[in-house]
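These notes are about the structure you will find just below.
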Amino acid sequence: MGRDCHPLLSGGRREAGFSHGFSADQIQSLAAMCETLVPPLSPDSICDESPRNEAVCSFFRASGSQHPIPDEVAELLVKRGKHRAVFVVSLVLKILSYRLGTLLLCGFLCLDWRWPFIHKFQEMPLERRELVLNRWSRKKKLIPLKVAFAIVKSFCLFIFFSRTDENSKNQSWEAIGYEVDTREKPVKSKKERPLEKGIIETTYESSSSLVQSLAGKGLKVTDCSETNICNIKCDAVIIGSGCGGGVAAAVLAQSGQKVVLLEKGDYFTPQDYSSLEAPSLNQMYDSGGLLSTVDGKFMILAGSTVGGGSAVNWSASIKTPSSVLHEWSVDHKIPLFGNPEYLTAMDAVCKRIGVTENCTEEGFQNQILRKGCLNLGLRVESVPRNSPESHYCGSCCYGCRMGEKRGTDSTWLVDAVEHGAVILTGCKADKLVLETSDDEKVGHRCSGVVATVFSRDFSKKLRIEAKVTISACGSLLTPPLLISSGLKNPNIGANLHLHPVLLAWGYFPENSTDYRGRVHEGPIISSIHKVVSEDSSEVQAIIETTAVGPGSFASLFPWVSGAEMKNRMVKYPRTATLFALVRDQGSGVVKEEGVISYRLSQLDKEKLKLGLRQALRILIAAGAVEVGTYRSDGQRIKCRGAKQEDIEEFLDSITVPGGLGSSQEHWTVYGCAHQMGSCRMGVSEEAGAVDENGESWEAKDLFVCDGSVLPSAVGVNPMVTIQSTAYCISKRIAESLRKEKFPTVG
């Protein structure tokens, strides 16, 4: 029997009906790669410190080639992979299905003294295939082979450790000590759908019922059956329901405006959440949590559900640092951030989302971060969270099952629908409606947006006419929407900041340390250490803890052999991961949806190196028996019994490697969960994409109200900053609407 949750979040095994388009020969080659990555091994391969119970022995005997894992890998690759990456993997698999092709890519390792002398890849002994994959991972010139290895490795391991059966179980979880949160949900959450009053979930509608539902919510609606276009009139249309859109919807609705909010994701409540990694990522994150830069160097997490990132983030609710506010108000010449108005907004935001300052009980990883800092004499601070002090949940990244985290879906959006706002799910904005403006200084006026409802049973165009249009679909989607609608300001899509992250890990056996719990239990972030330079108090990096389910952990962790991987996964529940995050000076570009490029500055690299070394020092000081980085070669050191000079030599060897597409032998994958600045505020149209009020320089009545308006990176978790900025922008819009500075609709 499966879990009590929404069907979209329940997981379940798929046995047939694949549409990846790979041939049988390609799937055979892929199955051979999957078997190499997750090989069937005898219990003799289990390391001495690991248990040898039946669950672990069964896990070691399991293979990545078992049906239908290779088909699922191919399906996920085609669905979520970049087109060029899919082409590379497809080509490599095709070549490997031939003997001469295998000789070309694998060299003498595929040769044999016996007929037919040259083996296809799937015919090669497992040990030789393992050597081949190791060589591919270190390629300096034949980058496509490195790419093929990395992609198949990541997708195969993710699927192997996250896929579930009809009972929402995975065959490896008992062996690796992982348990999905099964705590009883609060009784009150079982009946509550807080947005029911104002939400229209298009997945449950038909073309005709949608029109009736819109009219039933008090909207002016006309439907043209010939063109299949539904025309809607309102005061404000908002695109996106996250930290920016949610706040704007509440402020404008409370001021008496009729608000329509568009959200391309689905609506889930605490009762719907399953805490299952794979389906939760697939349904609640952009690209199923597998979004990357074009070169594969960065993996990017961005929410895609009602509530946006606030529904799946890690609860950290840190106010904008005063030094950043000073920089934005003085250096960037934006008075808002030096105005008491902004400080008042931060207080209002923290009050509405229920920010608490302390944590009653810290989880495994935060205990380690705090203890390591204390042992080193380093300052460690508590992180404010938008949840009760007693909130003990390690799976809020999949939606908070207990209903205690206060994202926009349970705060601002509730306020909005209580004041007549209408939320449309499964609805994606196509383009803004721009008209010629009467104002000579501004070329256009925005009169609304054209959007598409993409239900399973029908699709329908919506044309929403409004006094004001607000793009709040985030730093990755707002720029493509503006550009595809015809706006030309060069700042749109530029200056993208990502808060680059590198990871460090430490292993803490249960029988040799006093730390309670396991890696997936307890508050995700409750402690923070700020790495400061020796000659000043300037923050170089911050160290926090991360949330990685078994599938994500396995896909990111370095793979050096099948046996090592399985032994590492048995240690998963007691392997703590810390990350070093920098306030990046480098920046990226996103002008087309899903096409993201980014370049680290040299200063960012130096700060990341400093932060990564500090994270490792903290893990060692906390008592880790082994520590390492996520560099592709499995860079690590055993700490127990090691001499201090050996540890210092190891720490001195820590560098910031290149990404997957680099010509370096060793590489890594960088992380990102914060996107900012791609439509930044500026004192002029040369300096930014929007003005201090969030209004476009090119189109009157068009506003941007999300993280993309921030002048630069924040340097800390940006939720409170984004919400506070949105609060100020929407308050100003509401005041202008009250004074009738905008044209009447209809």
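Labels used: A, B, ... for chains in the order of the structure tokens, numbers from 1 for residues in each chain, and numbers from 1 for ligands as shown.
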Shell of 12 Å around A:Ser662, only C-alpha atoms, local chain residues under 5 positions omitted, as number ranges by chain = A: 137-144, 146-147, 295-297, 657, 667-669
Output as JSON, numbers by chain all residues of stretch 608-696 of chain A that backbone DSSP marks as strand (DSSP E).
-> {"A": [626, 627, 628, 629, 636, 637, 638, 670, 671, 672]}
Per DSSP on the backbone, what are the helix (DSSP H, G or I) residues of stretch 367-525 of chain A, as a VMD selection string?
-> chain A and resid 367 to 376 396 to 398 408 to 410 412 to 418 478 to 484
With only C-alpha atoms as the basis for distance, which of A:Leu374, A:Ile95, A:Leu281, A:Ala699 is at the shortest distance from A:Val548?
-> A:Leu281
Residues of stretch 473-580 of chain A that have any atom at most 7 Å from an atom of stretch 707-728 of chain A: could you tabulate them with the shortest-distance atom pair and the distance in Å to one decimal, using only C-alpha atoms, ordered by chain and increasing number, as a tab-separated table?
residue	atom	partner	partner_atom	distance
A:Gly474	CA	A:Gly707	CA	6.0
A:Ser475	CA	A:Ser708	CA	4.4
A:His497	CA	A:Ala713	CA	5.8
A:His499	CA	A:Gly715	CA	7.0
Could the residues in this selection be written to a file with all heavy atoms, as a CSV table (one decimal), in the first residue's frame?
chain,number,residue,atom,x,y,z
A,474,GLY,N,10.6,34.8,-11.1
A,474,GLY,CA,11.9,34.5,-10.7
A,474,GLY,C,13.0,34.9,-11.7
A,474,GLY,O,12.8,35.2,-12.8
A,475,SER,N,14.2,34.9,-11.2
A,475,SER,CA,15.4,35.4,-12.0
A,475,SER,C,15.7,34.6,-13.2
A,475,SER,O,16.4,35.1,-14.1
A,475,SER,CB,16.6,35.4,-11.0
A,475,SER,OG,16.5,36.3,-10.0
A,497,HIS,N,23.1,36.5,-10.6
A,497,HIS,CA,23.9,36.0,-9.5
A,497,HIS,C,23.3,34.7,-9.0
A,497,HIS,O,22.1,34.5,-8.9
A,497,HIS,CB,24.1,37.0,-8.4
A,497,HIS,CG,24.8,38.3,-8.9
A,497,HIS,ND1,26.1,38.3,-8.9
A,497,HIS,CD2,24.3,39.5,-9.3
A,497,HIS,CE1,26.5,39.5,-9.4
A,497,HIS,NE2,25.4,40.2,-9.6
A,499,HIS,N,24.9,32.8,-6.1
A,499,HIS,CA,25.4,32.3,-4.8
A,499,HIS,C,26.1,30.9,-4.9
A,499,HIS,O,25.6,29.9,-4.4
A,499,HIS,CB,24.3,32.2,-3.7
A,499,HIS,CG,24.0,33.5,-3.0
A,499,HIS,ND1,22.9,33.7,-2.2
A,499,HIS,CD2,24.6,34.7,-3.1
A,499,HIS,CE1,22.9,34.9,-1.7
A,499,HIS,NE2,23.9,35.6,-2.3
12 Å contact set for A:Leu325, only C-alpha atoms, chain neighbours under 3 positions out, as a PDB file with C-alpha atoms, in the first residue's frame:
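And here is the file that came out, selection-v2.pdb:
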ATOM      1  CA  LYS A 319      17.324  39.824   7.106  1.00  0.00           C
ATOM      2  CA  THR A 320      19.297  41.741   4.486  1.00  0.00           C
ATOM      3  CA  PRO A 321      22.756  42.538   5.968  1.00  0.00           C
ATOM      4  CA  SER A 322      23.224  46.241   6.750  1.00  0.00           C
ATOM      5  CA  TRP A 328      22.683  49.210  -2.666  1.00  0.00           C
ATOM      6  CA  SER A 329      21.589  52.619  -1.413  1.00  0.00           C
ATOM      7  CA  VAL A 330      24.955  54.390  -1.769  1.00  0.00           C
ATOM      8  CA  ASP A 331      26.970  52.624  -4.481  1.00  0.00           C
ATOM      9  CA  HIS A 332      23.956  51.675  -6.616  1.00  0.00           C
ATOM     10  CA  LYS A 333      22.193  54.944  -5.717  1.00  0.00           C
ATOM     11  CA  ILE A 334      18.838  53.297  -4.921  1.00  0.00           C
ATOM     12  CA  PRO A 335      17.305  55.233  -1.988  1.00  0.00           C
ATOM     13  CA  LEU A 336      14.764  52.492  -1.189  1.00  0.00           C
ATOM     14  CA  PHE A 337      17.375  50.340   0.528  1.00  0.00           C
ATOM     15  CA  GLY A 338      18.514  53.164   2.802  1.00  0.00           C
ATOM     16  CA  ASN A 339      14.974  54.184   3.640  1.00  0.00           C
ATOM     17  CA  PRO A 340      13.130  53.301   6.894  1.00  0.00           C
ATOM     18  CA  TYR A 342      12.559  48.985   3.773  1.00  0.00           C
ATOM     19  CA  LEU A 343      13.360  48.256   7.425  1.00  0.00           C
ATOM     20  CA  LEU A 710      17.994  42.842  -6.535  1.00  0.00           C
ATOM     21  CA  PRO A 711      20.966  45.052  -7.509  1.00  0.00           C
ATOM     22  CA  SER A 712      23.502  42.312  -6.717  1.00  0.00           C
ATOM     23  CA  ALA A 713      23.901  39.130  -4.710  1.00  0.00           C
ATOM     24  CA  VAL A 714      22.768  39.281  -1.073  1.00  0.00           C
ATOM     25  CA  GLY A 715      25.354  36.945   0.452  1.00  0.00           C
ATOM     26  CA  THR A 721      15.173  40.228   1.144  1.00  0.00           C
ATOM     27  CA  THR A 725      11.583  44.243  -1.691  1.00  0.00           C
TER      28      THR A 725
END
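Atom CA of A:Asn489 is positioned 6.1 Å from atom CA of A:Ala689.
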Exercise: stretch 574-579 of chain A partners within 7 Å, only C-alpha atoms, chain neighbours under 4 positions left out, as number ranges by chain | A: 365, 501-510, 518-519, 543-546, 615
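Excluding A:Ser172 itself and any same-chain residue fewer than 4 positions from it, the protein and nucleic acid residues within 9 Å of it, counting only C-alpha atoms, are Ala55, Val56, Ser58, Phe59, Ala62, Phe160, Phe161, Ile176, Gly177 and Tyr178 of chain A.
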Fewer than 5 positions away in the same chain doesn't count, so skip those; otherwise give me all residues within 10 Å of A:Asn134, counting only C-alpha atoms, as a list in words.
-> Arg128, Arg129, Lys139, Lys146, Phe149, Trp559, Val560, Ser561, Ser632 and Asp633 of chain A
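The residue that comes closest to A:Gly244, out of A:Gly308, A:Pro550, A:Gly682, A:Gly288 and on the basis of only C-alpha atoms, is A:Gly308.
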